[in-house]
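Just input23.cif here, mmCIF, C-alpha atoms:
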data_start
loop_
_atom_site.label_atom_id
_atom_site.label_comp_id
_atom_site.auth_asym_id
_atom_site.auth_seq_id
_atom_site.Cartn_x
_atom_site.Cartn_y
_atom_site.Cartn_z
CA MET I 614 11.20 3.24 -13.58
CA ALA I 615 13.39 3.96 -16.57
CA ALA I 616 16.16 5.20 -14.27
CA THR I 617 19.42 3.27 -13.89
CA PRO I 618 18.63 -0.20 -12.56
CA LYS I 619 19.36 -0.43 -8.89
CA PRO I 620 20.11 -3.87 -7.43
CA ARG I 621 19.18 -4.73 -3.86
CA VAL I 622 20.16 -7.87 -2.01
CA LYS I 623 19.47 -9.23 1.43
CA VAL I 624 21.99 -11.62 2.94
CA PRO I 625 22.30 -12.46 6.65
CA LYS I 626 25.38 -10.78 8.22
CA SER I 627 26.42 -14.00 9.94
CA ALA I 628 25.62 -17.72 9.98
CA LYS I 629 26.81 -20.99 11.50
CA ALA I 630 29.02 -23.25 9.39
CA GLY I 631 26.89 -25.46 7.15
CA GLU I 632 23.73 -23.47 7.84
CA VAL I 633 21.22 -23.07 5.02
CA ILE I 634 20.53 -19.36 4.54
CA VAL I 635 17.98 -17.57 2.40
CA LEU I 636 19.16 -14.96 -0.10
CA LYS I 637 16.80 -12.39 -1.56
CA THR I 638 17.49 -10.15 -4.53
CA LEU I 639 15.53 -7.47 -6.31
CA ILE I 640 16.52 -5.14 -9.14
CA SER I 641 14.57 -2.17 -10.50
CA HIS I 642 14.22 -2.75 -14.23
CA GLU I 643 11.44 -2.12 -16.75
CA MET I 644 11.87 -5.57 -18.46
CA GLU I 645 10.52 -4.27 -21.78
CA SER I 646 9.44 -7.42 -23.61
CA GLY I 647 9.97 -6.19 -27.18
CA GLN I 648 6.40 -7.15 -28.02
CA ARG I 649 4.68 -3.87 -27.20
CA LYS I 650 4.06 -0.98 -29.56
CA ASP I 651 4.16 2.73 -28.79
CA LYS I 652 1.45 5.27 -29.71
CA GLU I 653 2.80 5.57 -33.27
CA GLY I 654 2.58 1.81 -33.73
CA LYS I 655 6.34 1.29 -33.65
CA THR I 656 7.71 -1.66 -31.74
CA ILE I 657 9.33 -0.69 -28.44
CA PRO I 658 12.73 -2.41 -28.54
CA ARG I 659 13.33 -5.28 -26.16
CA LYS I 660 15.35 -4.43 -23.07
CA ILE I 661 15.43 -7.02 -20.35
CA ILE I 662 17.80 -8.51 -17.81
CA ASN I 663 18.65 -11.75 -19.61
CA LYS I 664 20.88 -13.44 -17.04
CA PHE I 665 21.25 -13.48 -13.30
CA SER I 666 23.91 -15.26 -11.29
CA CYS I 667 25.21 -15.57 -7.76
CA GLU I 668 28.69 -16.71 -6.73
CA PHE I 669 30.19 -17.43 -3.33
CA ASN I 670 33.98 -16.99 -3.10
CA GLY I 671 34.11 -17.57 -6.86
CA GLN I 672 32.00 -20.75 -6.74
CA PRO I 673 28.65 -20.70 -8.60
CA VAL I 674 25.65 -20.82 -6.25
CA PHE I 675 22.73 -20.07 -8.53
CA SER I 676 22.23 -18.77 -12.03
CA CYS I 677 19.42 -18.50 -14.53
CA ASP I 678 18.57 -17.18 -17.97
CA ILE I 679 15.62 -14.82 -18.05
CA ASP I 680 13.18 -14.43 -20.92
CA PRO I 681 10.75 -11.67 -21.93
CA ALA I 682 7.80 -13.11 -19.99
CA ILE I 683 9.36 -12.12 -16.66
CA SER I 684 7.72 -8.94 -15.37
CA ALA I 685 9.33 -5.71 -14.22
CA ASN I 686 11.58 -5.53 -11.16
CA PRO I 687 12.57 -9.23 -11.12
CA TYR I 688 12.81 -10.75 -7.65
CA PHE I 689 14.76 -13.92 -6.89
CA GLU I 690 14.77 -15.77 -3.64
CA PHE I 691 16.94 -18.86 -3.16
CA SER I 692 18.90 -20.66 -0.49
CA ALA I 693 22.52 -21.69 -0.06
CA LYS I 694 24.63 -23.63 2.41
CA VAL I 695 27.58 -21.61 3.70
CA PRO I 696 30.69 -23.59 4.74
CA GLU I 697 32.95 -20.61 5.51
CA SER I 698 33.15 -16.81 5.75
CA GLY I 699 33.21 -15.10 2.41
CA THR I 700 31.53 -12.89 -0.14
CA PHE I 701 28.44 -13.40 -2.22
CA LYS I 702 28.63 -11.71 -5.60
CA PHE I 703 25.44 -11.06 -7.53
CA THR I 704 25.43 -10.22 -11.25
CA TRP I 705 22.62 -9.07 -13.55
CA VAL I 706 23.27 -8.88 -17.32
CA ASP I 707 21.23 -6.41 -19.37
CA ASP I 708 20.34 -6.74 -23.08
CA ASP I 709 22.37 -3.62 -23.85
CA GLY I 710 25.47 -5.26 -22.37
CA SER I 711 25.37 -3.39 -19.06
CA ILE I 712 26.30 -5.46 -16.04
CA TYR I 713 25.01 -4.60 -12.59
CA THR I 714 26.65 -6.16 -9.56
CA ASP I 715 26.41 -6.21 -5.82
CA GLU I 716 28.51 -7.91 -3.15
CA GLN I 717 27.69 -8.91 0.41
CA LYS I 718 30.00 -10.38 3.03
CA ILE I 719 28.96 -13.03 5.50
CA ASP I 720 30.72 -14.13 8.68
CA VAL I 721 30.60 -17.82 9.42
CA ASN I 722 31.42 -18.94 12.93
CA MET R 70 7.69 -9.78 -10.43
CA GLU R 71 8.80 -13.35 -10.42
CA ARG R 72 9.57 -15.37 -7.35
CA LEU R 73 11.72 -18.45 -7.60
CA LYS R 74 11.46 -20.67 -4.61
CA LEU R 75 14.13 -23.30 -4.66
CA LEU R 76 13.68 -24.44 -1.11
CA THR R 77 11.11 -27.24 -1.44
CA GLY R 78 9.72 -26.70 2.06
CA THR R 79 8.90 -23.08 1.32
CA ALA R 80 7.30 -23.97 -2.03
CA VAL R 81 4.97 -26.53 -0.41
CA CYS R 82 3.99 -24.05 2.26
CA VAL R 83 3.05 -21.45 -0.36
CA VAL R 84 0.88 -23.91 -2.30
CA LEU R 85 -1.03 -24.91 0.84
CA THR R 86 -1.71 -21.28 1.79
CA GLY R 87 -2.98 -20.67 -1.73
CA LEU R 88 -5.48 -23.52 -1.41
CA ALA R 89 -6.77 -22.24 1.90
CA ILE R 90 -7.48 -18.85 0.35
CA ALA R 91 -9.26 -20.37 -2.63
CA THR R 92 -11.68 -22.31 -0.42
CA ALA R 93 -12.28 -19.37 1.95
CA MET R 94 -13.54 -17.44 -1.09
CA ALA R 95 -15.15 -14.10 -0.93
CA ASP R 96 -14.81 -12.66 2.55
CA PRO R 97 -11.82 -10.59 3.65
CA VAL R 98 -9.13 -12.77 5.26
CA ASP R 99 -8.59 -12.98 8.99
CA ASP R 100 -4.96 -11.91 9.03
CA THR R 101 -2.80 -9.23 10.59
CA LEU R 102 -0.36 -7.03 8.74
CA GLU R 103 3.06 -6.20 10.09
CA ILE R 104 5.42 -4.32 7.81
CA ASP R 105 8.99 -5.23 8.82
CA GLY R 106 7.55 -6.22 12.20
CA VAL R 107 5.62 -2.97 12.76
CA PRO R 108 1.89 -3.63 13.21
CA MET R 109 -0.56 -1.87 10.88
CA ILE R 110 -4.22 -1.16 11.60
CA THR R 111 -6.14 -2.96 8.85
CA LYS R 112 -9.47 -3.06 10.73
CA ALA R 113 -10.89 -0.06 12.53
CA PRO R 114 -14.27 0.89 13.99
CA ALA R 115 -16.10 3.07 11.46
CA PRO R 116 -16.63 6.78 12.20
CA GLU R 117 -20.14 7.98 13.03
CA GLY R 118 -22.45 8.12 10.04
CA HIS R 119 -20.47 5.46 8.14
CA PRO R 120 -22.45 2.74 6.31
CA PHE R 121 -20.16 -0.01 7.67
CA LYS R 122 -19.51 -0.98 11.28
CA GLU R 123 -15.88 -1.67 10.55
CA VAL R 124 -13.56 -0.22 7.94
CA LEU R 125 -11.19 -2.72 6.30
CA SER R 126 -7.95 -2.21 4.43
CA GLY R 127 -7.80 -3.50 0.85
CA TRP R 128 -4.83 -5.60 2.03
CA LEU R 129 -7.31 -8.06 3.62
CA PHE R 130 -8.89 -8.74 0.24
CA ARG R 131 -5.74 -9.71 -1.62
CA GLU R 132 -4.01 -13.05 -2.27
CA ALA R 133 -1.53 -14.46 0.25
CA GLU R 134 1.49 -13.75 -1.99
CA THR R 135 0.41 -10.15 -2.57
CA ARG R 136 -0.09 -9.66 1.17
CA ALA R 137 3.35 -11.13 1.90
CA THR R 138 5.01 -8.78 -0.60
CA GLU R 139 3.64 -5.76 1.23
CA ALA R 140 4.64 -7.14 4.63
CA GLU R 141 8.36 -6.98 3.80
CA SER R 142 9.68 -3.66 2.55
CA PHE R 143 12.62 -5.39 0.89
CA ALA R 144 10.31 -7.34 -1.41
CA ASN R 145 7.96 -4.40 -2.02
CA PRO R 146 8.77 -2.89 -5.44
CA GLY R 147 6.91 0.25 -4.34
CA MET R 148 9.97 1.03 -2.22
CA PHE R 149 11.80 1.98 -5.44
CA ALA R 150 9.40 4.93 -5.67
CA VAL R 151 10.17 5.81 -2.05
CA GLU R 152 13.91 5.78 -2.82
CA ARG R 153 13.37 7.95 -5.91
CA GLY R 154 11.22 10.31 -3.82
CA ALA R 155 14.04 10.66 -1.29
CA GLU R 156 16.36 11.76 -4.13
CA ILE R 157 13.85 14.36 -5.33
CA TRP R 158 13.39 15.62 -1.74
CA GLY R 159 17.02 16.71 -1.69
CA THR R 160 17.26 17.96 -5.30
CA VAL R 161 17.33 21.72 -5.93
CA GLU R 162 14.81 22.83 -8.57
CA GLY R 163 13.32 26.14 -9.73
CA SER R 164 14.43 29.77 -9.81
CA MET R 165 14.82 30.16 -6.03
CA GLY R 166 17.52 27.51 -5.75
CA LYS R 167 15.70 25.42 -3.18
CA SER R 168 14.84 21.78 -2.66
CA CYS R 169 12.13 20.34 -0.40
CA ALA R 170 14.86 19.74 2.19
CA SER R 171 15.91 23.43 2.17
CA CYS R 172 12.78 24.29 4.17
CA HIS R 173 11.53 20.96 5.51
CA ASN R 174 14.91 19.42 6.44
CA ASP R 175 14.67 15.73 7.27
CA ALA R 176 11.40 14.29 5.94
CA ALA R 177 11.52 11.50 8.52
CA GLU R 178 10.82 14.18 11.14
CA SER R 179 9.07 17.03 9.31
CA MET R 180 6.69 14.80 7.32
CA LYS R 181 6.03 12.19 10.02
CA GLY R 182 2.26 11.67 10.23
CA VAL R 183 1.55 14.53 7.81
CA GLY R 184 0.28 12.40 4.91
CA ALA R 185 -2.33 10.78 7.18
CA SER R 186 -4.26 14.06 7.55
CA TYR R 187 -4.61 14.99 3.87
CA PRO R 188 -6.67 16.30 2.07
CA LYS R 189 -6.40 19.55 4.02
CA TRP R 190 -8.24 22.84 3.60
CA ASP R 191 -6.41 25.59 1.71
CA ALA R 192 -7.77 28.99 2.78
CA LYS R 193 -6.14 30.79 -0.15
CA SER R 194 -7.72 28.79 -2.98
CA LYS R 195 -10.77 27.89 -0.85
CA LYS R 196 -10.38 24.26 -1.87
CA PRO R 197 -9.06 21.09 -0.28
CA LEU R 198 -5.51 20.14 -1.23
CA ASN R 199 -4.15 16.62 -1.44
CA VAL R 200 -0.45 15.79 -1.15
CA GLU R 201 0.11 16.14 -4.91
CA LEU R 202 -1.46 19.62 -4.99
CA GLN R 203 0.38 20.68 -1.83
CA ILE R 204 3.67 19.68 -3.52
CA ASP R 205 2.72 21.75 -6.59
CA LYS R 206 1.81 24.72 -4.39
CA CYS R 207 5.20 24.51 -2.71
CA ARG R 208 6.98 24.19 -6.05
CA VAL R 209 5.26 27.24 -7.53
CA GLU R 210 5.16 29.55 -4.50
CA ASN R 211 8.32 28.62 -2.62
CA MET R 212 10.68 27.10 -5.19
CA GLY R 213 9.86 28.96 -8.41
CA ALA R 214 9.46 25.62 -10.18
CA GLU R 215 6.82 24.34 -12.56
CA PRO R 216 3.97 22.28 -11.11
CA TYR R 217 4.16 18.60 -12.04
CA LYS R 218 2.10 17.24 -14.92
CA PHE R 219 -0.48 14.78 -13.63
CA ASP R 220 1.11 11.37 -13.01
CA ASP R 221 4.62 12.52 -13.82
CA ALA R 222 6.82 9.71 -12.42
CA ASP R 223 8.46 12.24 -10.07
CA GLN R 224 5.08 13.46 -8.80
CA ILE R 225 4.14 9.90 -7.87
CA ALA R 226 7.57 9.17 -6.34
CA LEU R 227 7.60 12.31 -4.18
CA THR R 228 3.99 11.77 -3.06
CA THR R 229 4.84 8.16 -2.20
CA TYR R 230 7.91 9.27 -0.25
CA ILE R 231 5.99 11.86 1.75
CA LYS R 232 3.07 9.54 2.53
CA HIS R 233 5.51 6.75 3.44
CA GLN R 234 6.73 8.93 6.34
CA SER R 235 3.28 8.32 7.88
CA LEU R 236 3.50 4.52 7.54
CA GLY R 237 1.31 3.08 10.31
CA THR R 238 -0.31 6.40 11.29
CA PRO R 239 -4.12 6.17 11.30
CA VAL R 240 -5.90 8.19 8.60
CA LYS R 241 -7.77 11.20 9.96
CA VAL R 242 -9.12 14.08 7.90
CA ASP R 243 -10.19 17.24 9.72
CA LEU R 244 -13.64 18.15 8.36
CA SER R 245 -13.92 21.19 10.64
CA GLN R 246 -11.44 23.21 8.56
CA GLY R 247 -12.96 25.77 6.15
CA ASP R 248 -15.66 24.31 3.92
CA MET R 249 -14.39 20.73 4.17
CA GLN R 250 -17.83 19.54 5.27
CA THR R 251 -19.37 20.95 2.05
CA TRP R 252 -16.75 19.12 -0.02
CA TRP R 253 -17.45 15.97 1.98
CA ASP R 254 -21.15 16.33 1.12
CA LYS R 255 -20.30 16.82 -2.55
CA GLY R 256 -17.98 13.81 -2.45
CA LYS R 257 -20.70 11.68 -0.89
CA GLU R 258 -23.02 12.65 -3.72
CA VAL R 259 -20.38 11.62 -6.29
CA TYR R 260 -19.88 8.31 -4.41
CA TYR R 261 -23.55 7.37 -4.58
CA THR R 262 -24.35 8.72 -8.09
CA ARG R 263 -24.63 6.04 -10.76
CA THR R 264 -22.76 6.88 -13.96
CA GLY R 265 -21.75 5.38 -17.28
CA GLN R 266 -23.25 2.80 -19.59
CA LEU R 267 -22.97 0.19 -16.83
CA ASN R 268 -24.84 2.52 -14.46
CA PHE R 269 -22.54 1.90 -11.49
CA ALA R 270 -21.87 4.19 -8.54
CA CYS R 271 -18.76 3.74 -6.39
CA ALA R 272 -21.12 2.27 -3.80
CA SER R 273 -22.46 -0.38 -6.20
CA CYS R 274 -19.18 -2.30 -5.94
CA HIS R 275 -17.41 -1.05 -2.84
CA GLU R 276 -20.39 -0.91 -0.51
CA GLY R 277 -23.19 -3.08 -1.94
CA ALA R 278 -20.93 -5.85 -3.27
CA MET R 279 -17.95 -5.52 -0.93
CA GLY R 280 -16.32 -8.91 -0.40
CA LYS R 281 -17.88 -10.42 -3.54
CA TYR R 282 -16.24 -11.08 -6.86
CA ILE R 283 -16.65 -8.98 -9.99
CA ARG R 284 -15.38 -11.47 -12.56
CA ALA R 285 -11.95 -12.43 -11.16
CA ASP R 286 -11.57 -9.34 -9.01
CA HIS R 287 -12.24 -9.49 -5.28
CA LEU R 288 -14.08 -6.30 -4.36
CA SER R 289 -12.75 -4.43 -1.34
CA GLN R 290 -14.20 -1.41 0.44
CA GLY R 291 -12.20 0.76 -1.96
CA GLN R 292 -10.08 2.31 0.78
CA VAL R 293 -7.37 4.80 -0.18
CA ASN R 294 -5.00 4.46 2.81
CA GLY R 295 -2.30 2.72 0.75
CA PHE R 296 -2.01 5.18 -2.16
CA PRO R 297 0.07 5.68 -4.21
CA THR R 298 0.06 1.92 -4.51
CA TYR R 299 2.24 -0.61 -6.33
CA ARG R 300 0.15 -2.73 -8.69
CA PHE R 301 1.33 -5.97 -10.24
CA ASN R 302 -0.92 -5.57 -13.28
CA THR R 303 1.01 -2.53 -14.48
CA ALA R 304 4.23 -3.35 -12.60
CA GLY R 305 4.28 0.26 -11.48
CA MET R 306 2.95 2.87 -9.11
CA VAL R 307 -0.68 4.00 -9.38
CA SER R 308 -1.81 7.37 -8.02
CA LEU R 309 -5.19 7.82 -6.36
CA HIS R 310 -6.68 10.00 -9.09
CA ASN R 311 -5.47 7.56 -11.72
CA ARG R 312 -7.32 4.82 -9.80
CA PHE R 313 -10.46 6.98 -9.49
CA ARG R 314 -10.38 7.62 -13.24
CA GLY R 315 -9.75 3.94 -13.96
CA CYS R 316 -12.79 2.90 -11.92
CA ILE R 317 -14.96 5.52 -13.64
CA ARG R 318 -13.65 4.43 -17.06
CA ASP R 319 -14.65 0.85 -16.20
CA THR R 320 -18.26 2.00 -15.69
CA ARG R 321 -17.97 3.38 -19.26
CA ALA R 322 -18.56 6.94 -18.13
CA GLU R 323 -16.78 10.16 -19.09
CA MET R 324 -13.76 10.55 -16.80
CA PRO R 325 -13.43 13.77 -14.80
CA LYS R 326 -9.96 15.35 -14.93
CA ALA R 327 -7.46 14.48 -12.20
CA PHE R 328 -7.61 16.95 -9.28
CA SER R 329 -10.92 18.37 -10.64
CA ASP R 330 -13.42 19.59 -8.04
CA GLU R 331 -15.42 16.40 -8.53
CA LEU R 332 -12.50 14.08 -7.82
CA MET R 333 -11.11 16.23 -4.99
CA ALA R 334 -14.53 16.07 -3.30
CA LEU R 335 -14.49 12.30 -3.83
CA GLU R 336 -11.00 12.09 -2.30
CA VAL R 337 -12.16 14.00 0.80
CA TYR R 338 -15.15 11.69 1.21
CA VAL R 339 -13.39 8.39 0.44
CA THR R 340 -10.44 9.26 2.69
CA TRP R 341 -12.93 9.85 5.51
CA ARG R 342 -14.46 6.44 4.80
CA GLY R 343 -11.08 4.93 5.74
CA THR R 344 -10.73 6.85 9.03
CA GLY R 345 -8.61 4.90 11.51
CA LEU R 346 -6.79 2.68 9.01
CA SER R 347 -2.99 2.90 8.95
CA VAL R 348 -1.33 4.66 6.04
CA GLU R 349 0.22 1.74 4.11
CA THR R 350 1.98 3.70 1.34
CA PRO R 351 3.32 2.12 -0.77
CA SER R 352 0.78 -0.68 -0.47
CA VAL R 353 0.94 -3.67 -2.84
CA ARG R 354 -2.12 -4.72 -4.78
CA GLN R 355 -2.97 -7.04 -7.67
#
What do you get writing this file as structure tokens?
Amino acid sequence: MAATPKPRVKVPKSAKAGEVIVLKTLISHEMESGQRKDKEGKTIPRKIINKFSCEFNGQPVFSCDIDPAISANPYFEFSAKVPESGTFKFTWVDDDGSIYTDEQKIDVN
Amino acid sequence: MERLKLLTGTAVCVVLTGLAIATAMADPVDDTLEIDGVPMITKAPAPEGHPFKEVLSGWLFREAETRATEAESFANPGMFAVERGAEIWGTVEGSMGKSCASCHNDAAESMKGVGASYPKWDAKSKKPLNVELQIDKCRVENMGAEPYKFDDADQIALTTYIKHQSLGTPVKVDLSQGDMQTWWDKGKEVYYTRTGQLNFACASCHEGAMGKYIRADHLSQGQVNGFPTYRFNTAGMVSLHNRFRGCIRDTRAEMPKAFSDELMALEVYVTWRGTGLSVETPSVRQ
């Protein structure tokens, strides 16, 4: 699983105005805690996703800081109320500075 | 994998389910598995000569959260291995300039149901082949590529991808091919032979104590229909022969090599023990 992290998100394609929808996200990531040692006894450097956030049309919906105790392939499930059509933007920040993003549109009628 | 449930209603629901499981204790749960709405066979009448009346998928022995993770392919981290396998399927490797897809085209059609009938008899080597060995045979003979090292991440991913094409198909090994019956007999002997300092046979836990607890672990029938499987304890994919070796290590015995005659015989026999269960690859376990 050391390949490039691949984000996946699941957002309903459409919703009614004011409806509470469930958003699911998953990213492939090894979440190396920095507390393990390799066969030679050397510490394996920490490499985790340390921040995750979700915005809707630029407005924050959900965000959290993540620490080394979170296991590989972190999964977040949360809900949001959607007042209008727009775009959810999801952002994962890696320890090495890499940023992974995904966007999903939703139609509100 | 961490789940954050911010919707209070959902969180309460999860806690209640958890309590119900804790009080129900040892027996397998009475539940039905649908993966993305497609029903899976998790209980099947046992084939003739089987010690049990009914064969049960390991899914029935797991916690509610673990079962739910397998029921939705989006949440199943094993699907990352399937995606990686799909990439390998189309990647050219070896001196003959071919990929899997060069001969087998679309795996969704050419590999549909195939994984459910392995191990299969190989007339040339006069041995049964599992999916991993069949891949290696193809790589060497038809692609001019190196065989995979045991448990190479790509070996697991490609095996997972191929077996996933049989999702839902009932397991059925054909024992009438070649000397499969002899290997089945040998596998049965391995299954019932006590080994290691703890003096356990496979049957000690998975037949004699099925449904009971061994420390914190709920013992299932030890079915192999979901392999390669995603395990939370390693946060990664586990191949069948890795699991065999892990079990044997836990009895404090010497571990046979992966794909050795001993473990291939065991795979033939144990796969037969799960006849009729749906292929669940990639299943999700604790």
Could you list, as number ranges by chain, every residue matched by the PyMOL selection byres ((chain R and resi 350) around 12) in this structure? R: 104, 109, 126, 128, 139-140, 142, 145-148, 150-151, 182, 184-185, 225-240, 293-299, 306-309, 346-349, 351-354
Using only C-alpha atoms, please write the residues we just selected to a file, as a short mmCIF file (atom, residue, chain, number, x, y, z; two decimals), keeping the file's coordinate frame.
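Final output, saved to result.cif:
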data_model
loop_
_atom_site.label_atom_id
_atom_site.label_comp_id
_atom_site.auth_asym_id
_atom_site.auth_seq_id
_atom_site.Cartn_x
_atom_site.Cartn_y
_atom_site.Cartn_z
CA ILE R 104 5.42 -4.32 7.81
CA MET R 109 -0.56 -1.87 10.88
CA SER R 126 -7.95 -2.21 4.43
CA TRP R 128 -4.83 -5.60 2.03
CA GLU R 139 3.64 -5.76 1.23
CA ALA R 140 4.64 -7.14 4.63
CA SER R 142 9.68 -3.66 2.55
CA ASN R 145 7.96 -4.40 -2.02
CA PRO R 146 8.77 -2.89 -5.44
CA GLY R 147 6.91 0.25 -4.34
CA MET R 148 9.97 1.03 -2.22
CA ALA R 150 9.40 4.93 -5.67
CA VAL R 151 10.17 5.81 -2.05
CA GLY R 182 2.26 11.67 10.23
CA GLY R 184 0.28 12.40 4.91
CA ALA R 185 -2.33 10.78 7.18
CA ILE R 225 4.14 9.90 -7.87
CA ALA R 226 7.57 9.17 -6.34
CA LEU R 227 7.60 12.31 -4.18
CA THR R 228 3.99 11.77 -3.06
CA THR R 229 4.84 8.16 -2.20
CA TYR R 230 7.91 9.27 -0.25
CA ILE R 231 5.99 11.86 1.75
CA LYS R 232 3.07 9.54 2.53
CA HIS R 233 5.51 6.75 3.44
CA GLN R 234 6.73 8.93 6.34
CA SER R 235 3.28 8.32 7.88
CA LEU R 236 3.50 4.52 7.54
CA GLY R 237 1.31 3.08 10.31
CA THR R 238 -0.31 6.40 11.29
CA PRO R 239 -4.12 6.17 11.30
CA VAL R 240 -5.90 8.19 8.60
CA VAL R 293 -7.37 4.80 -0.18
CA ASN R 294 -5.00 4.46 2.81
CA GLY R 295 -2.30 2.72 0.75
CA PHE R 296 -2.01 5.18 -2.16
CA PRO R 297 0.07 5.68 -4.21
CA THR R 298 0.06 1.92 -4.51
CA TYR R 299 2.24 -0.61 -6.33
CA MET R 306 2.95 2.87 -9.11
CA VAL R 307 -0.68 4.00 -9.38
CA SER R 308 -1.81 7.37 -8.02
CA LEU R 309 -5.19 7.82 -6.36
CA LEU R 346 -6.79 2.68 9.01
CA SER R 347 -2.99 2.90 8.95
CA VAL R 348 -1.33 4.66 6.04
CA GLU R 349 0.22 1.74 4.11
CA PRO R 351 3.32 2.12 -0.77
CA SER R 352 0.78 -0.68 -0.47
CA VAL R 353 0.94 -3.67 -2.84
CA ARG R 354 -2.12 -4.72 -4.78
#
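Applied to the file shown here, the PyMOL selection byres ((chain I and resi 696) around 9) selects the residues Lys629, Ala630, Gly631, Glu632, Lys694, Val695, Glu697, Ser698 and Val721 of chain I.
Using only C-alpha atoms, one finds that the residues of chain I close to chain R, at 8 Å or less, are Met614, Lys623, Leu639, Ser641, Ile683, Ser684, Ala685, Asn686, Pro687, Tyr688, Phe689, Glu690, Phe691 and Ser692 of chain I.
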Residue IDs satisfying the PyMOL selection byres ((chain R and resi 276-290) around 10), as a compact mmCIF listing (two decimals) with C-alpha atoms, in the coordinates of the input:
# COMPACT_ATOMS: atom_id res chain seq x y z
CA MET R 94 -13.54 -17.44 -1.09
CA ALA R 95 -15.15 -14.10 -0.93
CA ASP R 96 -14.81 -12.66 2.55
CA PRO R 97 -11.82 -10.59 3.65
CA VAL R 98 -9.13 -12.77 5.26
CA PRO R 120 -22.45 2.74 6.31
CA PHE R 121 -20.16 -0.01 7.67
CA VAL R 124 -13.56 -0.22 7.94
CA LEU R 125 -11.19 -2.72 6.30
CA SER R 126 -7.95 -2.21 4.43
CA GLY R 127 -7.80 -3.50 0.85
CA TRP R 128 -4.83 -5.60 2.03
CA LEU R 129 -7.31 -8.06 3.62
CA PHE R 130 -8.89 -8.74 0.24
CA ARG R 131 -5.74 -9.71 -1.62
CA GLU R 132 -4.01 -13.05 -2.27
CA TYR R 261 -23.55 7.37 -4.58
CA ALA R 270 -21.87 4.19 -8.54
CA CYS R 271 -18.76 3.74 -6.39
CA ALA R 272 -21.12 2.27 -3.80
CA SER R 273 -22.46 -0.38 -6.20
CA CYS R 274 -19.18 -2.30 -5.94
CA HIS R 275 -17.41 -1.05 -2.84
CA GLY R 291 -12.20 0.76 -1.96
CA GLN R 292 -10.08 2.31 0.78
CA VAL R 293 -7.37 4.80 -0.18
CA VAL R 339 -13.39 8.39 0.44
CA ARG R 342 -14.46 6.44 4.80
CA GLY R 343 -11.08 4.93 5.74
CA GLN R 355 -2.97 -7.04 -7.67
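Interatomic distance, atom CA of I:Ile719 to atom CA of I:Gly699: 5.6 Å.
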In Å, how far is it from atom CA of I:Ile679 to atom CA of I:Ile661? 8.1 Å
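The coordinates place atom CA of R:Asn311 at 13.8 Å from atom CA of R:Asn199.
With all atoms listed in the file as the basis for measurement, I:Ser646 is the residue among I:Thr700, I:Thr656, I:Ser646, I:Thr617 that approaches I:Pro681 most closely.
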Contacts of R:Gln246 within 10 Å, all atoms listed in the file, excl. fewer than 6 positions in-chain, as a PDB file with C-alpha atoms, in the coordinates of the input:
ATOM      1  CA  LYS R 189      -6.400  19.550   4.020  1.00  0.00           C
ATOM      2  CA  TRP R 190      -8.240  22.840   3.600  1.00  0.00           C
ATOM      3  CA  ASP R 191      -6.410  25.590   1.710  1.00  0.00           C
ATOM      4  CA  ALA R 192      -7.770  28.990   2.780  1.00  0.00           C
ATOM      5  CA  PRO R 197      -9.060  21.090  -0.280  1.00  0.00           C
TER       6      PRO R 197
END
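Residues lying within 6 Å of I:Lys702, counting all atoms listed in the file and ignoring same-chain neighbours fewer than 4 positions away, are Cys667, Glu668, Asp715 and Glu716 of chain I.
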C-alpha atoms of the current selection, written as a compact mmCIF listing (two decimals), in the coordinates of the input:
# COMPACT_ATOMS: atom_id res chain seq x y z
CA CYS I 667 25.21 -15.57 -7.76
CA GLU I 668 28.69 -16.71 -6.73
CA ASP I 715 26.41 -6.21 -5.82
CA GLU I 716 28.51 -7.91 -3.15
Enclose all atoms of stretch 705-716 of chain I listed in the file in an axis-aligned box, grow every side by 3 Å, and hand back centre and edge lengths in Å to one decimal, as lines of an AutoDock Vina configuration file.
center_x = 24.4
center_y = -6.2
center_z = -13.5
size_x = 14.2
size_y = 11.7
size_z = 26.7
